[in-house]
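Novice: The structure that follows is given in the form of structure tokens.
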Amino acid sequence: MEKFKGLDEEKQQKILDAALLEFAEHGYKKASTNRIVKEAGIGKGMLFYYFKSKKDLYEFLAEYSLDFVVEKYFSKIDMAESDFIERLKHTSQLKFEAQTENKNVFNFLGTFMLTADFKLAPHIQKKYETMQQKGNAMLYEDVDLSLFRDDVDVQKAFKLIRWSIEGYQNELLHKLQGQSMASIDFDPYWEEFYEYLEILKKSFYKEGKRDQ
């Protein structure tokens, strides 16, 4: 991969984005290197000059995407926050920032995690499993369960709260698609998001614990 890494950053990113998009939309088996090179604006021979095969390209993308998520998202999370909703508030902001920086990575990982038609190299599989473990710890480790009402099934509440937040975030990303992120005033969106979080707290937390 050294030849590819020797390219200037803009050319690298154009090839990566084209390949991430193709695999995200079509999966490994149906992905076309012809469409990738057309989207990237390079010759097919050059693609295979940088990557020996479609398999090598896919594995490079998998490792690149996992590293991106860890660096731009997981490594910035404050695990000291024990309030589940406040932690999700913080992680959602970080995830949104990472997604706006490179939505193709998250689209690729979304299909990559569900695909059954490709077996990863052992070191990438291990990296993926480690990321999954970090993701679970990021959400649930050392959460203060005493905040929840006694009549609430906490595990189901976890899922409902997470689904609510992820749903809002995905709806917002869809609404803002195609716009210049630098020109958007995000304050009204975050204010609306915080209002939804307060509703979730009122629904699931004990009355005296909501404003802690």
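Each chain in the structure tokens gets a letter, A, B and so on, in the order shown; residues start at 1 in every chain, and ligands are counted from 1 in the order they appear.
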Find the residues of range 50-99 of chain A that sit at most 10 Å from range 33-36 of chain A; for each, write down the nearest two atoms and how far apart they are in Å, to one decimal. Count only C-alpha atoms. Sort by chain, then by number going up, and give it as CSV.
Specialist:
```
residue,atom,partner,partner_atom,distance
A:Ser53,CA,A:Thr33,CA,9.6
A:Lys54,CA,A:Thr33,CA,7.3
A:Leu57,CA,A:Thr33,CA,9.8
```
Novice: For range 71-83 of chain A, list every protein, DNA or RNA residue within 8 Å, evaluated using only C-alpha atoms, and leave out those in the same chain fewer than 5 positions away; present the list as a list in words.
Specialist: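 What passes the distance filter is His90, Thr91, Leu94, Lys95, Ala98, Lys134, Gly135, Met138, Glu141, Asp142, Val143, Asp144 and Leu147 of chain A.
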Novice: Just write the chosen residues, N, CA, C and O atoms, as a PDB file, in the first residue's frame.
Specialist:
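Ended up saving to selection_9.pdb:
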```pdb
ATOM      1  N   HIS A  90     -23.063  13.452  24.914  1.00  0.00           N
ATOM      2  CA  HIS A  90     -21.668  13.736  24.579  1.00  0.00           C
ATOM      3  C   HIS A  90     -21.194  12.895  23.394  1.00  0.00           C
ATOM      4  O   HIS A  90     -20.591  13.406  22.439  1.00  0.00           O
ATOM      5  N   THR A  91     -21.494  11.586  23.429  1.00  0.00           N
ATOM      6  CA  THR A  91     -21.038  10.711  22.347  1.00  0.00           C
ATOM      7  C   THR A  91     -21.732  11.041  21.036  1.00  0.00           C
ATOM      8  O   THR A  91     -21.129  10.930  19.966  1.00  0.00           O
ATOM      9  N   LEU A  94     -19.938  13.913  19.387  1.00  0.00           N
ATOM     10  CA  LEU A  94     -18.677  13.465  18.802  1.00  0.00           C
ATOM     11  C   LEU A  94     -18.903  12.650  17.530  1.00  0.00           C
ATOM     12  O   LEU A  94     -18.204  12.825  16.532  1.00  0.00           O
ATOM     13  N   LYS A  95     -19.908  11.767  17.577  1.00  0.00           N
ATOM     14  CA  LYS A  95     -20.206  10.934  16.408  1.00  0.00           C
ATOM     15  C   LYS A  95     -20.668  11.798  15.255  1.00  0.00           C
ATOM     16  O   LYS A  95     -20.273  11.580  14.100  1.00  0.00           O
ATOM     17  N   ALA A  98     -17.742  13.455  13.648  1.00  0.00           N
ATOM     18  CA  ALA A  98     -16.977  12.493  12.853  1.00  0.00           C
ATOM     19  C   ALA A  98     -17.709  12.142  11.563  1.00  0.00           C
ATOM     20  O   ALA A  98     -17.099  12.018  10.496  1.00  0.00           O
ATOM     21  N   LYS A 134     -15.112  -1.823  22.745  1.00  0.00           N
ATOM     22  CA  LYS A 134     -14.985  -0.428  23.164  1.00  0.00           C
ATOM     23  C   LYS A 134     -16.310   0.293  23.046  1.00  0.00           C
ATOM     24  O   LYS A 134     -16.660   1.133  23.878  1.00  0.00           O
ATOM     25  N   GLY A 135     -17.052  -0.017  21.969  1.00  0.00           N
ATOM     26  CA  GLY A 135     -18.345   0.619  21.751  1.00  0.00           C
ATOM     27  C   GLY A 135     -19.323   0.295  22.869  1.00  0.00           C
ATOM     28  O   GLY A 135     -20.046   1.177  23.359  1.00  0.00           O
ATOM     29  N   MET A 138     -18.199   2.058  25.993  1.00  0.00           N
ATOM     30  CA  MET A 138     -18.454   3.485  25.813  1.00  0.00           C
ATOM     31  C   MET A 138     -19.884   3.840  26.218  1.00  0.00           C
ATOM     32  O   MET A 138     -20.133   4.882  26.812  1.00  0.00           O
ATOM     33  N   GLU A 141     -20.570   1.061  30.358  1.00  0.00           N
ATOM     34  CA  GLU A 141     -19.668   0.809  31.482  1.00  0.00           C
ATOM     35  C   GLU A 141     -19.773   1.902  32.543  1.00  0.00           C
ATOM     36  O   GLU A 141     -19.732   3.093  32.235  1.00  0.00           O
ATOM     37  N   ASP A 142     -19.910   1.488  33.817  1.00  0.00           N
ATOM     38  CA  ASP A 142     -19.948   2.399  34.969  1.00  0.00           C
ATOM     39  C   ASP A 142     -21.089   3.410  34.914  1.00  0.00           C
ATOM     40  O   ASP A 142     -20.975   4.534  35.428  1.00  0.00           O
ATOM     41  N   VAL A 143     -22.205   3.031  34.276  1.00  0.00           N
ATOM     42  CA  VAL A 143     -23.386   3.892  34.246  1.00  0.00           C
ATOM     43  C   VAL A 143     -24.089   3.816  35.605  1.00  0.00           C
ATOM     44  O   VAL A 143     -24.175   2.743  36.212  1.00  0.00           O
ATOM     45  N   ASP A 144     -24.580   4.938  36.097  1.00  0.00           N
ATOM     46  CA  ASP A 144     -25.271   5.004  37.383  1.00  0.00           C
ATOM     47  C   ASP A 144     -26.730   4.561  37.206  1.00  0.00           C
ATOM     48  O   ASP A 144     -27.574   5.338  36.740  1.00  0.00           O
ATOM     49  N   LEU A 147     -30.162   6.256  38.810  1.00  0.00           N
ATOM     50  CA  LEU A 147     -30.885   7.391  38.233  1.00  0.00           C
ATOM     51  C   LEU A 147     -32.247   6.967  37.674  1.00  0.00           C
ATOM     52  O   LEU A 147     -33.179   7.761  37.604  1.00  0.00           O
TER      53      LEU A 147
END
```
Novice: Using DSSP on the backbone coordinates, identify all residues within range 94-199 of chain A classified as helix (DSSP H, G or I); present the result as a PyMOL selection string.
Specialist: chain A and resi 94-101+103-112+122-140+145-147+154-176+181-183+187-199
Novice: Between A:His26, A:Asn107, A:Ala19, A:Met46, single out the one closest to Phe60 in chain A, counting only C-alpha atoms.
Specialist: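 Of A:His26, A:Asn107, A:Ala19, A:Met46, the one nearest Phe60 in chain A is A:Ala19, counting only C-alpha atoms.
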Novice: CA of Leu66 in chain A to CA of Gly110 in chain A: how many Å, to one decimal?
Specialist: 11.5 Å
Novice: Which residues, written as a list in words, have at least one atom at most 12 Å from Gln177 in chain A, with only C-alpha atoms counted and residues fewer than 5 positions away on the same chain left out?
Specialist: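 Listing them by chain and then by number gives Gln99, Thr100, Lys103, Asn170, Glu171, Leu172 and Ile184 of chain A.
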Novice: Those residues with N, CA and C atoms, as a PDB file, in the first residue's frame please?
Specialist:
```
ATOM      1  N   GLN A  99     -19.035  11.993  11.644  1.00  0.00           N
ATOM      2  CA  GLN A  99     -19.819  11.661  10.462  1.00  0.00           C
ATOM      3  C   GLN A  99     -19.797  12.793   9.436  1.00  0.00           C
ATOM      4  N   THR A 100     -19.865  14.026   9.907  1.00  0.00           N
ATOM      5  CA  THR A 100     -19.827  15.151   8.976  1.00  0.00           C
ATOM      6  C   THR A 100     -18.456  15.285   8.328  1.00  0.00           C
ATOM      7  N   LYS A 103     -18.715  10.946   6.098  1.00  0.00           N
ATOM      8  CA  LYS A 103     -19.902  10.094   6.222  1.00  0.00           C
ATOM      9  C   LYS A 103     -19.698   8.761   5.502  1.00  0.00           C
ATOM     10  N   ASN A 170     -29.771  10.560  12.695  1.00  0.00           N
ATOM     11  CA  ASN A 170     -29.862  10.134  11.297  1.00  0.00           C
ATOM     12  C   ASN A 170     -30.809  11.023  10.505  1.00  0.00           C
ATOM     13  N   GLU A 171     -31.899  11.442  11.136  1.00  0.00           N
ATOM     14  CA  GLU A 171     -32.845  12.347  10.472  1.00  0.00           C
ATOM     15  C   GLU A 171     -32.185  13.687  10.172  1.00  0.00           C
ATOM     16  N   LEU A 172     -31.394  14.175  11.124  1.00  0.00           N
ATOM     17  CA  LEU A 172     -30.694  15.447  10.932  1.00  0.00           C
ATOM     18  C   LEU A 172     -29.665  15.345   9.810  1.00  0.00           C
ATOM     19  N   ILE A 184     -23.582  26.055   8.131  1.00  0.00           N
ATOM     20  CA  ILE A 184     -24.786  25.722   8.904  1.00  0.00           C
ATOM     21  C   ILE A 184     -24.636  26.175  10.353  1.00  0.00           C
TER      22      ILE A 184
END
```
Novice: Between A:His174, A:Arg87, A:Lys201, A:Lys127, which is the closest to Ser65 in chain A once you count only C-alpha atoms?
Specialist: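 Using only C-alpha atoms, the shortest distance to Ser65 in chain A belongs to A:Lys127.
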Novice: Rounded to one decimal in Å, what is the spacing between CA of Phe84 in chain A and CA of Tyr140 in chain A?
Specialist: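 Computing it gives 7.4 Å between the two atoms.
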Novice: Within 8 Å of range 157-168 of chain A, which residues of range 78-109 of chain A show up? Give each one with its shortest atom-to-atom distance in Å (one decimal) and the two atoms involved, counting only C-alpha atoms, rows by chain then rising residue number, as a Markdown table.
Specialist:
```
| residue | atom | partner | partner_atom | distance |
| --- | --- | --- | --- | --- |
| A:Ile85 | CA | A:Ile161 | CA | 7.5 |
| A:Leu88 | CA | A:Arg162 | CA | 7.5 |
| A:Ser92 | CA | A:Ile165 | CA | 7.6 |
```
Novice: Which residue gives the smallest distance to Leu173 in chain A among A:Glu22, A:Asp8, A:Asp56, A:Glu101, with only C-alpha atoms counted?
Specialist: A:Glu101
Novice: Between A:Lys89, A:Lys30, A:Lys38, A:His123, which has the minimum distance to Lys14 in chain A (counting only C-alpha atoms)?
Specialist: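 Smallest distance to Lys14 in chain A is found for A:Lys38.
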Novice: Which residues come within 6 Å of Ala40 in chain A, counting only C-alpha atoms, excluding same-chain residues fewer than 3 positions away, as a count of residues only?
Specialist: 4
Novice: Nearest to Ser32 in chain A among A:Tyr205, A:Tyr196, A:Tyr58, A:Tyr49, with distances taken over only C-alpha atoms: which residue is it?
Specialist: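 The closest residue to Ser32 in chain A is A:Tyr58.
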Novice: Which value, in Å to one decimal, gives the distance between CA of Phe23 in chain A and CA of Lys11 in chain A?
Specialist: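 Interatomic distance, CA of Phe23 in chain A to CA of Lys11 in chain A: 18.7 Å.
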Novice: Rank A:Phe204, A:Phe96, A:Tyr128, A:Tyr50 by their smallest atom-to-atom distance to Asp151 in chain A, using only C-alpha atoms, and report the top residue only.
Specialist: A:Phe204
